[in-house]
Structure formats: structure tokens, C-alpha cells
$ cat run.pdb   # PDB, C-alpha atoms and all ligand atoms
ATOM      1  CA  MET A   1      78.441 -11.398  26.682
ATOM      2  CA  ARG A   2      78.318 -14.911  25.320
ATOM      3  CA  PHE A   3      81.011 -14.093  22.772
ATOM      4  CA  LYS A   4      83.260 -12.712  25.483
ATOM      5  CA  THR A   5      82.836 -15.878  27.534
ATOM      6  CA  ALA A   6      83.852 -17.998  24.550
ATOM      7  CA  ILE A   7      87.006 -15.958  24.059
ATOM      8  CA  THR A   8      87.910 -16.220  27.726
ATOM      9  CA  ALA A   9      87.463 -19.996  27.652
ATOM     10  CA  THR A  10      89.673 -20.298  24.570
ATOM     11  CA  ALA A  11      92.356 -18.123  26.136
ATOM     12  CA  LEU A  12      92.250 -20.182  29.309
ATOM     13  CA  ALA A  13      92.539 -23.440  27.373
ATOM     14  CA  MET A  14      95.564 -22.062  25.527
ATOM     15  CA  ILE A  15      97.233 -20.956  28.750
ATOM     16  CA  LEU A  16      96.676 -24.280  30.454
ATOM     17  CA  ASN A  17      97.284 -26.211  27.245
ATOM     18  CA  ALA A  18      94.340 -28.171  28.534
ATOM     19  CA  PRO A  19      93.158 -31.399  26.934
ATOM     20  CA  VAL A  20      89.725 -30.444  28.267
ATOM     21  CA  PHE A  21      88.778 -29.281  24.776
ATOM     22  CA  ALA A  22      90.412 -32.218  23.018
ATOM     23  CA  THR A  23      89.277 -32.520  19.438
ATOM     24  CA  GLU A  24      88.988 -35.426  17.051
ATOM     25  CA  HIS A  25      90.472 -34.806  13.611
ATOM     26  CA  VAL A  26      89.470 -37.000  10.695
ATOM     27  CA  ILE A  27      91.876 -37.970   7.923
ATOM     28  CA  LYS A  28      90.496 -39.737   4.867
ATOM     29  CA  GLY A  29      92.097 -42.109   2.427
ATOM     30  CA  VAL A  30      91.082 -40.767  -0.984
ATOM     31  CA  ILE A  31      92.314 -42.811  -3.979
ATOM     32  CA  THR A  32      96.040 -42.765  -3.073
ATOM     33  CA  ASN A  33      96.152 -39.548  -1.043
ATOM     34  CA  TRP A  34      95.580 -38.509   2.541
ATOM     35  CA  VAL A  35      93.009 -35.741   2.856
ATOM     36  CA  PRO A  36      93.975 -33.351   4.295
ATOM     37  CA  LEU A  37      97.664 -33.724   3.556
ATOM     38  CA  VAL A  38      98.519 -31.577   6.582
ATOM     39  CA  THR A  39      96.462 -31.812   9.774
ATOM     40  CA  TYR A  40      96.811 -29.393  12.695
ATOM     41  CA  ALA A  41      96.082 -30.561  16.225
ATOM     42  CA  LYS A  42      96.560 -29.690  19.878
ATOM     43  CA  PRO A  43      98.345 -31.972  22.346
ATOM     44  CA  GLY A  44      95.806 -34.516  23.565
ATOM     45  CA  ASP A  45      93.764 -34.468  20.382
ATOM     46  CA  THR A  46      92.794 -37.650  18.594
ATOM     47  CA  ILE A  47      93.336 -38.464  14.942
ATOM     48  CA  LYS A  48      90.913 -40.848  13.277
ATOM     49  CA  PHE A  49      91.529 -42.484   9.894
ATOM     50  CA  ILE A  50      88.546 -43.288   7.688
ATOM     51  CA  GLN A  51      87.966 -44.602   4.145
ATOM     52  CA  MET A  52      90.729 -47.084   4.852
ATOM     53  CA  ALA A  53      89.819 -49.803   2.354
ATOM     54  CA  GLY A  54      93.122 -50.815   0.770
ATOM     55  CA  HIS A  55      95.116 -48.514   3.054
ATOM     56  CA  ASP A  56      97.050 -48.631   6.298
ATOM     57  CA  SER A  57      98.619 -45.863   8.382
ATOM     58  CA  GLU A  58     102.092 -46.028   9.892
ATOM     59  CA  THR A  59     104.547 -43.431  11.202
ATOM     60  CA  ILE A  60     107.892 -43.201   9.435
ATOM     61  CA  GLU A  61     110.999 -43.938  11.514
ATOM     62  CA  GLY A  62     112.586 -40.798  12.964
ATOM     63  CA  MET A  63     109.770 -38.622  11.685
ATOM     64  CA  MET A  64     107.885 -37.798  14.855
ATOM     65  CA  PRO A  65     108.614 -35.707  17.973
ATOM     66  CA  GLU A  66     111.316 -37.014  20.275
ATOM     67  CA  GLY A  67     109.905 -39.491  22.786
ATOM     68  CA  ALA A  68     106.641 -39.906  20.889
ATOM     69  CA  ALA A  69     105.292 -43.365  20.240
ATOM     70  CA  GLY A  70     104.636 -44.198  16.628
ATOM     71  CA  TRP A  71     101.624 -46.077  15.338
ATOM     72  CA  LYS A  72     100.743 -48.762  12.838
ATOM     73  CA  SER A  73      97.199 -49.622  11.879
ATOM     74  CA  LYS A  74      96.110 -52.874  10.329
ATOM     75  CA  MET A  75      95.441 -52.927   6.611
ATOM     76  CA  GLY A  76      91.991 -51.478   5.954
ATOM     77  CA  GLU A  77      91.431 -50.662   9.629
ATOM     78  CA  GLU A  78      88.424 -48.369   9.416
ATOM     79  CA  GLY A  79      88.307 -45.732  12.168
ATOM     80  CA  PHE A  80      91.827 -46.452  13.428
ATOM     81  CA  SER A  81      92.531 -43.762  16.049
ATOM     82  CA  VAL A  82      95.602 -42.400  17.718
ATOM     83  CA  LYS A  83      95.925 -39.810  20.500
ATOM     84  CA  LEU A  84      98.847 -37.421  20.121
ATOM     85  CA  ASP A  85     100.323 -35.899  23.258
ATOM     86  CA  LYS A  86     103.766 -34.720  22.175
ATOM     87  CA  GLU A  87     104.180 -31.425  20.318
ATOM     88  CA  GLY A  88     105.875 -31.412  16.962
ATOM     89  CA  ALA A  89     105.254 -32.899  13.537
ATOM     90  CA  TYR A  90     104.477 -36.529  12.732
ATOM     91  CA  VAL A  91     104.923 -37.893   9.207
ATOM     92  CA  TYR A  92     103.026 -41.051   8.316
ATOM     93  CA  LYS A  93     102.504 -43.234   5.283
ATOM     94  CA  CYS A  94     100.226 -45.776   3.733
ATOM     95  CA  ASN A  95     102.530 -48.689   2.944
ATOM     96  CA  PRO A  96     100.926 -49.837  -0.347
ATOM     97  CA  HIS A  97     100.693 -46.288  -1.717
ATOM     98  CA  MET A  98     103.696 -44.546  -0.218
ATOM     99  CA  THR A  99     105.595 -44.474  -3.498
ATOM    100  CA  THR A 100     102.652 -42.845  -5.264
ATOM    101  CA  GLY A 101     102.439 -40.069  -2.690
ATOM    102  CA  MET A 102     100.299 -41.329   0.175
ATOM    103  CA  VAL A 103     102.380 -39.613   2.841
ATOM    104  CA  GLY A 104     100.790 -37.155   5.280
ATOM    105  CA  ALA A 105     101.819 -34.836   8.096
ATOM    106  CA  ILE A 106     100.257 -33.931  11.433
ATOM    107  CA  VAL A 107     101.461 -30.837  13.264
ATOM    108  CA  VAL A 108     100.726 -30.854  16.992
ATOM    109  CA  GLY A 109     101.004 -27.571  18.893
ATOM    110  CA  GLU A 110     101.198 -23.906  17.983
ATOM    111  CA  GLY A 111     103.570 -22.366  15.471
ATOM    112  CA  ALA A 112     106.152 -24.261  13.461
ATOM    113  CA  PRO A 113     107.067 -27.784  14.632
ATOM    114  CA  SER A 114     110.310 -27.801  16.624
ATOM    115  CA  ASN A 115     111.466 -31.080  15.052
ATOM    116  CA  LEU A 116     111.511 -29.802  11.463
ATOM    117  CA  ALA A 117     115.292 -30.182  11.085
ATOM    118  CA  THR A 118     115.107 -33.750  12.427
ATOM    119  CA  LEU A 119     112.353 -34.581   9.948
ATOM    120  CA  GLU A 120     114.412 -33.290   7.050
ATOM    121  CA  ALA A 121     117.473 -35.268   8.165
ATOM    122  CA  SER A 122     115.372 -38.425   8.604
ATOM    123  CA  ALA A 123     113.788 -37.986   5.175
ATOM    124  CA  GLU A 124     117.280 -38.377   3.688
ATOM    125  CA  THR A 125     117.515 -41.896   5.121
ATOM    126  CA  VAL A 126     114.143 -43.113   3.801
ATOM    127  CA  LYS A 127     114.748 -45.870   1.250
ATOM    128  CA  LEU A 128     111.389 -46.438  -0.401
ATOM    129  CA  GLY A 129     109.377 -43.382  -1.460
ATOM    130  CA  LYS A 130     111.957 -40.845  -0.314
ATOM    131  CA  ASN A 131     110.906 -38.251  -2.903
ATOM    132  CA  MET A 132     107.291 -38.512  -1.730
ATOM    133  CA  VAL A 133     108.318 -38.006   1.912
ATOM    134  CA  GLN A 134     110.303 -34.936   0.869
ATOM    135  CA  ARG A 135     107.354 -33.700  -1.167
ATOM    136  CA  THR A 136     105.128 -33.925   1.920
ATOM    137  CA  LEU A 137     107.680 -31.998   3.998
ATOM    138  CA  ARG A 138     107.849 -29.336   1.276
ATOM    139  CA  LYS A 139     104.062 -29.057   1.176
ATOM    140  CA  MET A 140     103.880 -28.946   4.959
ATOM    141  CA  LYS A 141     106.351 -26.040   5.032
ATOM    142  CA  GLU A 142     104.372 -24.212   2.343
ATOM    143  CA  ASP A 143     101.245 -24.690   4.411
ATOM    144  CA  LEU A 144     102.986 -23.537   7.620
ATOM    145  CA  LYS A 145     103.975 -20.327   5.823
ATOM    146  CA  LYS A 146     100.537 -19.853   4.318
ATOM    147  CA  THR A 147      98.883 -20.216   7.727
ATOM    148  CA  GLY A 148     101.388 -17.813   9.328
ATOM    149  CA  ARG A 149     102.938 -20.479  11.564
ATOM    150  CA  MET A 150     106.339 -20.112   9.975
ATOM    151  CA  GLN A 151     108.265 -17.238   8.350
TER
HETATM  152 CU    CU B   1      96.894 -46.283   0.608
END
$ encode --input "run.pdb" --output "C-alpha cells"
Amino acid sequence: MRFKTAITATALAMILNAPVFATEHVIKGVITNWVPLVTYAKPGDTIKFIQMAGHDSETIEGMMPEGAAGWKSKMGEEGFSVKLDKEGAYVYKCNPHMTTGMVGAIVVGEGAPSNLATLEASAETVKLGKNMVQRTLRKMKEDLKKTGRMQ
């Protein structure tokens, strides 16, 4: 009976898209990588950045859902948090380590992010670390396929 109740609650939360069960997701700075590289969240969830010594976190222009506010932490801002309400994918960087691959992605909502084409177009206009931004998009798509979110 308890199991059935849990399923019903989950189904209800999905139907209502309710932030009632908002979750906090933790992303770590590890050497010059974000771990995990791809984070999945629901609208209303919070993202928290830890192990930030020597790192910052900032969204890349044009690489977030339409109408979403970007973010920029301070350098080394331990526990910097951001709440994400808009569905779609957000691509963010660490400024000092962007060119060595410290670019991550957060997918908010079910399925494949609806702004994928926009992200790919925006990646073309990135000046510094463009190949690393494209690498993150490639890895995100691989992960979306692997997790059955995308064909
Ligand atoms: Cu860094």
C-alpha cells in the first residue's frame, strides 16, 4: 500500500508540475571539470555549486531557455545556488577554465530540451572556448539519447 501511495504522489506531482517536491541538485568543481557534466532537474528545482575554490559559474549568452534569467557567481563562491523555473537546457561555464573544458549543461523538464537548436546556433557565436561549448552540447545529446529522452 505504501508503494502505491508513493507512485500516486509522483504521478500527481508530474501532472501538476508541482514545485512541492522541489529538489536541490549539487554540481561540483573537480579539477577543471563540472561533475556531473549534465544535470537533470524539474522546474522549480535548485542547483547548488560546491568545491568552488578557483572556479566561478556563469551562463553563456543565448544558451538558456527563452525568457530565463542567467546567473553569475563570484569567483570561489562556495554553495552558490540558483533556482531554475523555465524548462529547457542551460549551458554554463567556469570563466578561468572554460577553454580547458569546464562547461556544463542543465536540462530542466522532461524529454529533450526544446531550445536545442537555439543552443547549437548560439554555440557558433561563442568566441572563447567554442570547441568546448560544442563538446558539452555533443555530450549532452549523447546523454539525452542514452537516458531515452531523445531519439
Ligand atoms: Cu574552474
$ residues_near_ligand --input "run.pdb" --ligand "ligand CU 1 (chain B)" --cutoff "12 Å" --atoms "only C-alpha atoms and all ligand atoms" --output "number ranges by chain"
A: 28-35, 49-58, 73-77, 92-104
$ residues_around --input "run.pdb" --residues "stretch 134-144 of chain A" --least-positions-apart "5" --cutoff "12 Å" --atoms "only C-alpha atoms" --output "PyMOL selection string"
chain A and resi 33-34+36-40+63+89-93+98-107+110-113+115-129+149-151
$ resolve_selection --input "run.pdb" --expression "the PyMOL selection byres (((chain A and resi 43) around 7) and not hetatm)" --output "mmCIF file with C-alpha atoms, in the coordinates of the input"
data_model
loop_
_atom_site.group_PDB
_atom_site.id
_atom_site.type_symbol
_atom_site.label_atom_id
_atom_site.label_comp_id
_atom_site.auth_asym_id
_atom_site.auth_seq_id
_atom_site.Cartn_x
_atom_site.Cartn_y
_atom_site.Cartn_z
ATOM 1 C CA PRO A 19 93.158 -31.399 26.934
ATOM 2 C CA ALA A 41 96.082 -30.561 16.225
ATOM 3 C CA LYS A 42 96.560 -29.690 19.878
ATOM 4 C CA GLY A 44 95.806 -34.516 23.565
ATOM 5 C CA ASP A 45 93.764 -34.468 20.382
ATOM 6 C CA LEU A 84 98.847 -37.421 20.121
ATOM 7 C CA ASP A 85 100.323 -35.899 23.258
ATOM 8 C CA LYS A 86 103.766 -34.720 22.175
ATOM 9 C CA GLU A 87 104.180 -31.425 20.318
ATOM 10 C CA VAL A 108 100.726 -30.854 16.992
ATOM 11 C CA GLY A 109 101.004 -27.571 18.893
#
$ atom_distance --input "run.pdb" --atom1 "atom CA of A:Glu66" --atom2 "atom CA of A:Gly88"
8.5 Å
$ resolve_selection --input "run.pdb" --expression "the PyMOL selection byres (((chain A and resi 25) around 7) and not hetatm)" --output "JSON, numbers by chain"
{"A": [23, 24, 26, 27, 46, 47, 48]}
$ atom_distance --input "run.pdb" --atom1 "atom CA of A:Gly70" --atom2 "atom CA of A:Phe21"
23.2 Å
$ atom_distance --input "run.pdb" --atom1 "atom CA of A:Thr59" --atom2 "atom CA of A:Phe80"
13.3 Å
$ decode --input "run.pdb" --residues "stretch 57-128 of chain A" --atoms "C-alpha atoms" --output "mmCIF file, in the first residue's frame"
data_model
loop_
_atom_site.group_PDB
_atom_site.id
_atom_site.type_symbol
_atom_site.label_atom_id
_atom_site.label_comp_id
_atom_site.auth_asym_id
_atom_site.auth_seq_id
_atom_site.Cartn_x
_atom_site.Cartn_y
_atom_site.Cartn_z
ATOM 1 C CA SER A 57 29.790 29.714 -12.628
ATOM 2 C CA GLU A 58 28.170 31.804 -15.345
ATOM 3 C CA THR A 59 25.574 31.108 -18.041
ATOM 4 C CA ILE A 60 26.684 31.560 -21.635
ATOM 5 C CA GLU A 61 24.860 34.201 -23.690
ATOM 6 C CA GLY A 62 21.983 32.764 -25.724
ATOM 7 C CA MET A 63 22.413 29.344 -24.167
ATOM 8 C CA MET A 64 19.432 29.128 -21.857
ATOM 9 C CA PRO A 65 15.646 28.868 -22.339
ATOM 10 C CA GLU A 66 13.926 31.910 -23.786
ATOM 11 C CA GLY A 67 12.981 34.383 -21.063
ATOM 12 C CA ALA A 68 15.187 32.712 -18.460
ATOM 13 C CA ALA A 69 17.476 34.817 -16.331
ATOM 14 C CA GLY A 70 21.117 33.867 -16.438
ATOM 15 C CA TRP A 71 23.426 33.750 -13.450
ATOM 16 C CA LYS A 72 26.951 34.683 -12.482
ATOM 17 C CA SER A 73 28.558 33.632 -9.237
ATOM 18 C CA LYS A 74 31.523 35.322 -7.650
ATOM 19 C CA MET A 75 34.904 33.675 -8.014
ATOM 20 C CA GLY A 76 35.183 30.849 -5.488
ATOM 21 C CA GLU A 77 31.619 31.358 -4.250
ATOM 22 C CA GLU A 78 31.075 28.174 -2.272
ATOM 23 C CA GLY A 79 27.453 26.984 -2.248
ATOM 24 C CA PHE A 80 26.302 29.459 -4.901
ATOM 25 C CA SER A 81 22.685 28.498 -5.678
ATOM 26 C CA VAL A 82 20.271 29.214 -8.458
ATOM 27 C CA LYS A 83 16.598 28.249 -8.812
ATOM 28 C CA LEU A 84 15.541 27.264 -12.320
ATOM 29 C CA ASP A 85 11.921 27.780 -13.302
ATOM 30 C CA LYS A 86 11.985 27.741 -17.098
ATOM 31 C CA GLU A 87 12.082 24.442 -18.991
ATOM 32 C CA GLY A 88 14.867 23.812 -21.437
ATOM 33 C CA ALA A 89 18.637 23.494 -21.324
ATOM 34 C CA TYR A 90 21.083 25.908 -19.705
ATOM 35 C CA VAL A 91 24.775 25.870 -20.630
ATOM 36 C CA TYR A 92 27.199 27.414 -18.158
ATOM 37 C CA LYS A 93 30.929 27.866 -17.814
ATOM 38 C CA CYS A 94 33.694 28.492 -15.362
ATOM 39 C CA ASN A 95 35.480 31.531 -16.774
ATOM 40 C CA PRO A 96 39.079 30.592 -15.832
ATOM 41 C CA HIS A 97 38.697 27.013 -17.082
ATOM 42 C CA MET A 98 36.267 27.320 -19.963
ATOM 43 C CA THR A 99 38.936 26.752 -22.593
ATOM 44 C CA THR A 100 40.061 23.551 -20.883
ATOM 45 C CA GLY A 101 36.542 22.138 -20.860
ATOM 46 C CA MET A 102 34.806 23.444 -17.754
ATOM 47 C CA VAL A 103 31.451 23.857 -19.473
ATOM 48 C CA GLY A 104 28.340 22.113 -18.133
ATOM 49 C CA ALA A 105 24.687 21.666 -19.039
ATOM 50 C CA ILE A 106 21.486 21.574 -17.004
ATOM 51 C CA VAL A 107 18.332 20.170 -18.572
ATOM 52 C CA VAL A 108 15.121 21.325 -16.902
ATOM 53 C CA GLY A 109 11.915 19.424 -17.665
ATOM 54 C CA GLU A 110 11.030 16.092 -19.219
ATOM 55 C CA GLY A 111 12.303 14.780 -22.531
ATOM 56 C CA ALA A 112 14.675 16.611 -24.837
ATOM 57 C CA PRO A 113 15.151 20.361 -24.269
ATOM 58 C CA SER A 114 13.061 22.422 -26.693
ATOM 59 C CA ASN A 115 15.825 25.012 -27.153
ATOM 60 C CA LEU A 116 18.411 22.585 -28.545
ATOM 61 C CA ALA A 117 18.526 24.252 -31.980
ATOM 62 C CA THR A 118 18.985 27.672 -30.349
ATOM 63 C CA LEU A 119 21.840 26.325 -28.239
ATOM 64 C CA GLU A 120 23.601 24.949 -31.290
ATOM 65 C CA ALA A 121 23.199 28.237 -33.175
ATOM 66 C CA SER A 122 24.467 30.210 -30.163
ATOM 67 C CA ALA A 123 27.463 27.902 -29.767
ATOM 68 C CA GLU A 124 28.594 29.038 -33.230
ATOM 69 C CA THR A 125 28.906 32.618 -31.973
ATOM 70 C CA VAL A 126 30.977 31.795 -28.871
ATOM 71 C CA LYS A 127 34.426 33.356 -29.249
ATOM 72 C CA LEU A 128 36.493 31.869 -26.448
#
